[in-house]
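> Please read through the structure below; I'll follow up with questions.
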8 protein chains.
Amino acid sequence: MHLQVYLSGEIHSDWRDQIAQGVQQQNLPVTLSGPITDHDASDNCGVEILGPEPQPFWKDHKGAKINAIRNRTLIEQADVVVVRFGEKYRQWNAAFDAGYAAALGKPIITLHGAEHTHALKEIDAAALAVSDSPEAVVKILAYVIGSQG
Amino acid sequence: MHLQVYLSGEIHSDWRDQIAQGVQQQNLPVTLSGPITDHDASDNCGVEILGPEPQPFWKDHKGAKINAIRNRTLIEQADVVVVRFGEKYRQWNAAFDAGYAAALGKPIITLHGAEHTHALKEIDAAALAVSDSPEAVVKILAYVIGSQG
Amino acid sequence: MHLQVYLSGEIHSDWRDQIAQGVQQQNLPVTLSGPITDHDASDNCGVEILGPEPQPFWKDHKGAKINAIRNRTLIEQADVVVVRFGEKYRQWNAAFDAGYAAALGKPIITLHGAEHTHALKEIDAAALAVSDSPEAVVKILAYVIGSQG
Amino acid sequence: MHLQVYLSGEIHSDWRDQIAQGVQQQNLPVTLSGPITDHDASDNCGVEILGPEPQPFWKDHKGAKINAIRNRTLIEQADVVVVRFGEKYRQWNAAFDAGYAAALGKPIITLHGAEHTHALKEIDAAALAVSDSPEAVVKILAYVIGSQG
Amino acid sequence: MHLQVYLSGEIHSDWRDQIAQGVQQQNLPVTLSGPITDHDASDNCGVEILGPEPQPFWKDHKGAKINAIRNRTLIEQADVVVVRFGEKYRQWNAAFDAGYAAALGKPIITLHGAEHTHALKEIDAAALAVSDSPEAVVKILAYVIGSQG
Amino acid sequence: MHLQVYLSGEIHSDWRDQIAQGVQQQNLPVTLSGPITDHDASDNCGVEILGPEPQPFWKDHKGAKINAIRNRTLIEQADVVVVRFGEKYRQWNAAFDAGYAAALGKPIITLHGAEHTHALKEIDAAALAVSDSPEAVVKILAYVIGSQG
Amino acid sequence: MHLQVYLSGEIHSDWRDQIAQGVQQQNLPVTLSGPITDHDASDNCGVEILGPEPQPFWKDHKGAKINAIRNRTLIEQADVVVVRFGEKYRQWNAAFDAGYAAALGKPIITLHGAEHTHALKEIDAAALAVSDSPEAVVKILAYVIGSQG
Amino acid sequence: MHLQVYLSGEIHSDWRDQIAQGVQQQNLPVTLSGPITDHDASDNCGVEILGPEPQPFWKDHKGAKINAIRNRTLIEQADVVVVRFGEKYRQWNAAFDAGYAAALGKPIITLHGAEHTHALKEIDAAALAVSDSPEAVVKILAYVIGSQG
């Protein structure tokens with residue numbers, strides 16, 4: 001059993017690296033993917049590739065759509081979607097990804113601190129696991145893969 | 001042409017009423033629906049119906065799942081999903097609904113102020129209209145329905 | 001909001017009647033359906049309509065398939081599926097219906113006593129509500145329908 | 001022709017090993033998978049990974065959902081689902097898996113003794129083969145794969 | 001419970017009328033539909049509406065496609081598909097309809113004499129009932145609809 | 001049998017009116033729909049409802065997306081899609097609608113003159129009827145509906 | 001571009017071998033598959049593996065279902081389905097496979113002599129190519145694969 | 001992350017080669033595909049393989065359907081669909097492919113000059129990127145693939 005795992009959400013902490021290290025240390029048959037996490041590249045890709053926009057709305061629009069080519073493709077290919085909510089920013093795109101994954105029937109693992117429990121209740125209710133550390137996510141992946149093939 | 005329209009998101013302002021009034025004034029063939037907007041009822045439905053929970057997480061969990069029976073059913077029946085982001089709170093459930101609707105291929109109309117343009121760029125990129133007032137939403141519905149049947 | 005509700009499972013107690021009475025007393029916009037609950041008719045429909053079978057296996061087979069015409073059609077049309085596990089018999093068909101409904105993405109409400117909590121954990125994990133009385137099911141339906149349309 | 005085969009159901013006898021041996025002896029191009037069959041690991045994975053729960057219901061709930069990440073993924077990837085009903089326990093999860101597989105249109109092979117024929121009639125009616133020994137399952141797989149590619 | 005029933009196959013005997021009479025006599029909530037059974041109209045509709053064709057193949061082609069507008073639409077709307085094989089002609093279109101209905105997951109009832117049992121084994125294997133008289137089909141519909149709603 | 005028919009394509013001739021008259025004269029159980037055919041309203045709806053755009057591209061973009069709310073909804077609800085190609089303009093939206101309908105499995109009737117036969121060969125190949133007059137379209141609808149219900 | 005091609009239908013002539021030779025001679029990236037063509041094995045697999053049946057109907061039934069495990073799996077995996085109608089027998093299973101493939105949206109190539117043109121008009125109307133020799137089928141596959149990747 | 005990219009549309013300029021060179025120079029993990037671009041082969045494949053047709057309509061019909069075997073298969077396998085509109089011809093098949101891809105939910109990148117902005121507004125509205133040079137398409141692919149796997 002090999003798993004494609006999409007890591008959605010927060011880009012300002014090193015949680016993706018921690019999961020990657022855990023996966024590597026245990027040599028798990030897992031392929032990790034996620035959005036482009038270079039913040040500037042992600043924000044500017046639209047106007048850099050397709051030409052400048054005087055209005056911020058359309059600059060954002062062009063960039064968000066190019067990122068959507070990547071993100072929707074990877075979510076649709078994923079076996080499991082991990083959605084991380086950090087302490088800062090609104091992170092509506094993480095919640096959007098969770099809804100998108102839920103409607104596709106993808107197993108969801110949320111990753112957030114206890115302070116967000118009430119605000120995330122709808123999303124946690126759609127998840128198959130609610131975790132609070134990258135280590136727990138790695139443990140879930142290791143357990144799910146098991147030893148039987 | 002009759003439209004089923006689901007109104008997702010903010011429950012602390014009267015935007016749903018404004019849309020309902022606009023629909024009524026123009027006598028549009030539109031059926032509006034949305035989540036339970038009685039905040040206390042929504043928060044407590046799980047424990048009131050299915051029994052108390054000592055831990056807040058499970059109280060929220062039971063409630064969020066009962067609300068999901070309503071909300072997913074109505075989103076799946078909707079022809080159009082309007083998603084409103086207000087000025088307060090994190091509103092992750094609104095973003096979740098938007099992602100859910102997007103994956104189902106439902107036309108989405110977002111409704112929010114310009115101050116959220118950057119934070120909502122991924123969701124606006126998945127929408128067919130980005131509006132900033134309930135009046136604009138009503139105008140879109142009126143235009144879409146047209147006069148031809 | 002009108003709900004089609006399929007009532008799957010136990011046929012040896014009056015739980016369906018209790019739900020029907022609750023729905024009627026509250027005048028809820030709910031259409032209830034379920035399998036044929038006349039035990040003999042259900043067991044014998046295959047051989048009575050299509051001719052006798054010397055082997056019990058094929059008698060059961062013909063009957064179960066005719067019942068499947070009814071049950072799968074109603075489950076696929078349902079907005080909500082209630083699955084009842086009683087105290088007697090193996091009730092594998094109830095669990096089968098729950099799996100069928102889960103794969104179709106139907107909201108599931110289970111109805112059973114606490115003594116089955118461990119044995120039903122996989123099915124309860126796929127449900128949006130776990131209830132222990134017909135009254136609770138009616139309350140959920142009433143709450144879900146709400147007063148907003 | 002290569003087949004992914006999911007082996008659902010009973011974990012207290014060695015039927016999975018017997019099928020694995022048969023597949024190996026005939027060198028069939030078959031990949032077998034199934035749930036985690038270490039009973040304690042399966043029952044406790046939720047609380048061991050995600051933290052303790054004072055109530056047995058929520059302990060079971062967390063565990064069952066983590067197992068669902070594995071099981072639903074493997075059932076959806078499977079070409080054929082074998083469902084085994086043994087002599088003991090209620091085995092509602094096996095019946096649930098059968099319903100889940102049926103709704104996805106997966107070919108189902110049931111494996112059980114004649115004493116369960118009547119109780120399993122709905123599930124057998126949804127199966128493409130009803131067998132009573134691991135040997136028969138292996139023979140079916142060998143026949144289905146054939147020699148033509 | 002109301003059923004849409006599509007009656008596919010043989011057009012040279014009065015089996016559709018017999019089913020219609022049975023449905024009417026029992027006042028069953030059933031809507032019957034089927035292909036255009038006026039043989040000449042069916043064969044010639046293509047060239048009569050869209051212009052003549054010198055080659056018989058294209059005459060047939062244009063006609064068959066116009067008939068497909070009707071037949072596929074009605075099969076997709078049907079709750080149950082009855083497929084009748086008579087004594088004459090090859091009736092490949094009936095078998096085609098059965099395959100089409102099977103892939104859509106529609107419950108199928110076949111209707112044919114015992115002399116075709118071997119030749120129709122694949123289609124009977126995909127059916128939920130194998131009947132040999134219009135009366136039996138009506139009895140199945142009456143049973144399936146039941147008295148409970 | 002009632003048919004929902006979407007009339008896509010050319011807005012500069014009266015072909016929709018001719019089909020509507022034919023349907024009315026024969027009292028056919030057909031509901032016709034189509035895009036907004038008021039050219040100015042269609043071109044300007046985006047900026048009139050959602051605010052002005054200095055760049056023509058974004059003006060078009062906002063308008064086309066609002067029109068898409070209407071058109072995709074009606075195409076998805078349609079039983080049959082008629083696509084008309086006239087003598088002028090590039091009419092890429094008509095071809096786009098045809099592709100969209102084809103991927104959804106909707107029966108397509110094309111309507112165009114012989115001069116476009118070669119250029120439209122891919123679209124005609126995906127159609128179930130290729131007609132050259134509104135009268136022929138009405139005849140097809142009348143034939144398809146038949147007299148049997 | 002690699003193609004999975006399922007060869008359905010007649011088992012009494014060597015058309016499959018001819019296609020296989022053509023594919024091999026041109027070294028086409030094509031994987032051919034098909035039903036079990038050993039007539040006796042196919043007819044008897046049910047009773048040989050799962051035990052004897054006194055009634056021919058159930059013998060056929062058990063066999064046809066085991067064959068369905070193979071055939072439906074391969075049709076669903078196929079990129080192209082070739083359906084061959086020979087001169088003898090009723091070949092309803094070939095027509096059934098064609099309908100099954102059509103409902104799944106698989107490209108169909110029919111292969112039959114001109115004498116069956118009228119009887120096969122519905123199936124030819126659902127095909128993307130109507131051929132009369134194995135050579136033509138190979139030519140189509142070679143053309144479709146092209147030289148570009 | 002590996003991408004399958006289908007290049008639809010104009011066959012009279014070297015835009016496909018430019019994209020192929022860009023992909024090769026950057027060593028991107030991209031597999032490019034597209035229709036048969038040998039114009040004569042594409043126009044004549046139907047009659048060359050399946051026999052001559054006196055009427056141009058049926059010659060085109062047979063050819064277009066054989067090409068559809070290739071094109072629909074590749075579009076359905078694609079992760080991204082690029083649609084190019086050139087300066088000449090009506091290119092309805094490009095617009096048809098865009099609609100087909102849109103209904104399947106495939107990310108679309110359009111490629112055309114500014115002079116077609118208004119005529120292509122519906123198709124651009126369904127695209128995730130609107131580009132005006134093969135270089136821009138390559139940049140999008142390179143950005144989307146990123147460096148993270």
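Identifiers for the structure tokens are assigned positionally: chains receive A, B, ... in sequence, residues are indexed from 1 per chain, and ligands are indexed from 1 in the order shown.
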Write out as JSON, numbers by chain the set of residues from segment 3-137 of chain G that DSSP, computed on the backbone, places in alpha helix (DSSP H).
{"G": [15, 16, 17, 18, 19, 20, 21, 22, 23, 24, 25, 39, 40, 41, 42, 43, 44, 45, 46, 47, 48, 49, 50, 56, 57, 58, 59, 60, 61, 62, 63, 64, 65, 66, 67, 68, 69, 70, 71, 72, 73, 74, 75, 76, 77, 92, 93, 94, 95, 96, 97, 98, 99, 100, 101, 102, 103, 121, 122, 123, 124, 125, 134, 135, 136, 137]}
> Segment 7-53 of chain B: which residues are strand (DSSP E or B) by DSSP, as a ChimeraX atom specification?
/B:7-9,30-33
> Compile the contact shell of segment 81-83 of chain C as a list of chain:residue names: residues with an atom at most 8 Å away, counting only C-alpha atoms, same-chain residues fewer than 4 positions apart removed.
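Close residues of segment 81-83 of chain C: C:Val5, C:Tyr6, C:Leu7, C:Ser8, C:Gly9, C:Ile75, C:Ala94, C:Ala95, C:Asp97, C:Ala98, C:Ala101, C:Lys106, C:Pro107, C:Ile108, C:Ile109, C:Thr110, C:Leu111.
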> Create the file for the chosen residues now, containing all heavy atoms and written as a CSV table (one decimal), in the first residue's frame.

chain,number,residue,atom,x,y,z
C,5,VAL,N,-36.8,9.8,3.7
C,5,VAL,CA,-36.0,9.1,4.8
C,5,VAL,C,-36.3,7.6,4.6
C,5,VAL,O,-37.4,7.2,4.7
C,5,VAL,CB,-36.4,9.6,6.2
C,5,VAL,CG1,-35.6,8.9,7.2
C,5,VAL,CG2,-36.2,11.1,6.3
C,6,TYR,N,-35.2,6.9,4.4
C,6,TYR,CA,-35.3,5.4,4.3
C,6,TYR,C,-35.0,4.8,5.7
C,6,TYR,O,-34.0,5.1,6.3
C,6,TYR,CB,-34.4,4.9,3.3
C,6,TYR,CG,-34.5,3.4,3.0
C,6,TYR,CD1,-35.6,2.9,2.2
C,6,TYR,CD2,-33.7,2.5,3.6
C,6,TYR,CE1,-35.7,1.5,2.0
C,6,TYR,CE2,-33.8,1.1,3.4
C,6,TYR,CZ,-34.8,0.6,2.6
C,6,TYR,OH,-35.0,-0.7,2.4
C,7,LEU,N,-35.9,3.9,6.2
C,7,LEU,CA,-35.7,3.3,7.5
C,7,LEU,C,-35.3,1.9,7.3
C,7,LEU,O,-36.1,1.0,7.0
C,7,LEU,CB,-37.1,3.4,8.2
C,7,LEU,CG,-37.7,4.8,8.4
C,7,LEU,CD1,-39.1,4.7,9.1
C,7,LEU,CD2,-36.8,5.7,9.2
C,8,SER,N,-34.0,1.6,7.5
C,8,SER,CA,-33.5,0.2,7.2
C,8,SER,C,-33.3,-0.5,8.5
C,8,SER,O,-33.1,0.0,9.6
C,8,SER,CB,-32.1,0.4,6.6
C,8,SER,OG,-31.4,-0.8,6.6
C,9,GLY,N,-33.4,-1.9,8.5
C,9,GLY,CA,-33.1,-2.7,9.6
C,9,GLY,C,-34.2,-3.4,10.3
C,9,GLY,O,-35.2,-3.7,9.6
C,75,ILE,N,-33.2,3.6,-1.3
C,75,ILE,CA,-32.0,4.1,-0.7
C,75,ILE,C,-31.4,5.2,-1.6
C,75,ILE,O,-31.0,6.3,-1.2
C,75,ILE,CB,-31.0,3.0,-0.4
C,75,ILE,CG1,-31.5,2.1,0.7
C,75,ILE,CG2,-29.6,3.6,0.0
C,75,ILE,CD1,-30.6,1.0,1.1
C,94,ALA,N,-29.0,-4.9,7.4
C,94,ALA,CA,-29.0,-3.5,7.9
C,94,ALA,C,-27.6,-3.0,7.8
C,94,ALA,O,-27.4,-1.8,7.3
C,94,ALA,CB,-29.4,-3.5,9.4
C,95,ALA,N,-26.6,-3.7,8.1
C,95,ALA,CA,-25.2,-3.3,8.0
C,95,ALA,C,-24.8,-3.1,6.5
C,95,ALA,O,-24.1,-2.2,6.1
C,95,ALA,CB,-24.2,-4.2,8.6
C,97,ASP,N,-26.9,-2.3,4.1
C,97,ASP,CA,-27.6,-1.0,3.7
C,97,ASP,C,-26.8,0.2,4.1
C,97,ASP,O,-26.6,1.2,3.4
C,97,ASP,CB,-29.0,-0.9,4.3
C,97,ASP,CG,-30.0,-1.8,3.5
C,97,ASP,OD1,-29.6,-2.4,2.5
C,97,ASP,OD2,-31.2,-1.9,4.0
C,98,ALA,N,-26.2,0.1,5.4
C,98,ALA,CA,-25.4,1.2,5.9
C,98,ALA,C,-24.2,1.4,5.0
C,98,ALA,O,-23.9,2.6,4.6
C,98,ALA,CB,-25.0,1.0,7.3
C,101,ALA,N,-25.3,2.9,1.6
C,101,ALA,CA,-25.7,4.3,1.8
C,101,ALA,C,-24.4,5.2,2.0
C,101,ALA,O,-24.3,6.3,1.4
C,101,ALA,CB,-26.6,4.5,3.0
C,106,LYS,N,-24.8,9.2,1.4
C,106,LYS,CA,-26.1,9.6,2.0
C,106,LYS,C,-25.8,9.8,3.5
C,106,LYS,O,-25.1,9.0,4.2
C,106,LYS,CB,-27.1,8.4,1.9
C,106,LYS,CG,-27.4,8.0,0.5
C,106,LYS,CD,-28.3,9.0,-0.1
C,106,LYS,CE,-28.6,8.5,-1.6
C,106,LYS,NZ,-29.4,9.5,-2.3
C,107,PRO,N,-26.4,10.9,4.1
C,107,PRO,CA,-26.3,11.0,5.6
C,107,PRO,C,-27.0,9.8,6.3
C,107,PRO,O,-28.1,9.5,5.9
C,107,PRO,CB,-27.1,12.3,5.8
C,107,PRO,CG,-27.1,13.0,4.5
C,107,PRO,CD,-27.1,12.0,3.5
C,108,ILE,N,-26.3,9.3,7.2
C,108,ILE,CA,-26.7,8.1,8.0
C,108,ILE,C,-27.0,8.4,9.4
C,108,ILE,O,-26.2,9.1,10.0
C,108,ILE,CB,-25.7,7.0,7.9
C,108,ILE,CG1,-25.6,6.5,6.4
C,108,ILE,CG2,-26.1,5.8,8.8
C,108,ILE,CD1,-24.4,5.5,6.2
C,109,ILE,N,-28.1,8.0,9.9
C,109,ILE,CA,-28.4,8.0,11.4
C,109,ILE,C,-28.5,6.6,11.9
C,109,ILE,O,-29.4,5.9,11.3
C,109,ILE,CB,-29.7,8.8,11.7
C,109,ILE,CG1,-29.7,10.2,11.1
C,109,ILE,CG2,-30.0,8.8,13.2
C,109,ILE,CD1,-31.0,11.0,11.2
C,110,THR,N,-27.7,6.2,12.8
C,110,THR,CA,-27.9,4.9,13.3
C,110,THR,C,-28.8,4.9,14.6
C,110,THR,O,-28.8,6.0,15.3
C,110,THR,CB,-26.5,4.2,13.7
C,110,THR,OG1,-25.8,5.0,14.6
C,110,THR,CG2,-25.7,4.0,12.5
C,111,LEU,N,-29.4,3.8,14.9
C,111,LEU,CA,-30.3,3.7,16.0
C,111,LEU,C,-30.1,2.4,16.7
C,111,LEU,O,-30.5,1.4,16.1
C,111,LEU,CB,-31.8,3.9,15.5
C,111,LEU,CG,-32.9,3.6,16.4
C,111,LEU,CD1,-32.9,4.4,17.7
C,111,LEU,CD2,-34.3,3.8,15.7
> So, with only C-alpha atoms as the atoms that count, which of F:Ile69, F:His116, F:Lys59, F:Glu76 lies closest to Ser131 of chain F?
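Going through F:Ile69, F:His116, F:Lys59, F:Glu76 one by one, the smallest distance to Ser131 of chain F is for F:His116.
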> How many Å lie between atom CA of Gly86 of chain B and atom CA of Gly105 of chain A, rounded to one decimal?
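Here the two named atoms are 28.6 Å from each other.
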> Write down, as a PyMOL selection string, each residue of chain E that has any atom within 12 Å of an atom of chain F, counting only C-alpha atoms.
chain E and resi 4-7+16-17+20+30-38+41-42+44-51+61-78
> One decimal, Å: what's the distance from atom CA of Asp60 of chain B over to atom CA of Asp43 of chain B, could you say?
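Those two atoms sit 6.8 Å apart.
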> If you count only C-alpha atoms, which residues fall within 10 Å of Arg90 of chain E, apart from same-chain ones fewer than 3 positions away, as a PyMOL selection string?
(chain E and resi 10+85-87+93-95) or (chain G and resi 89-92+116+119-120)
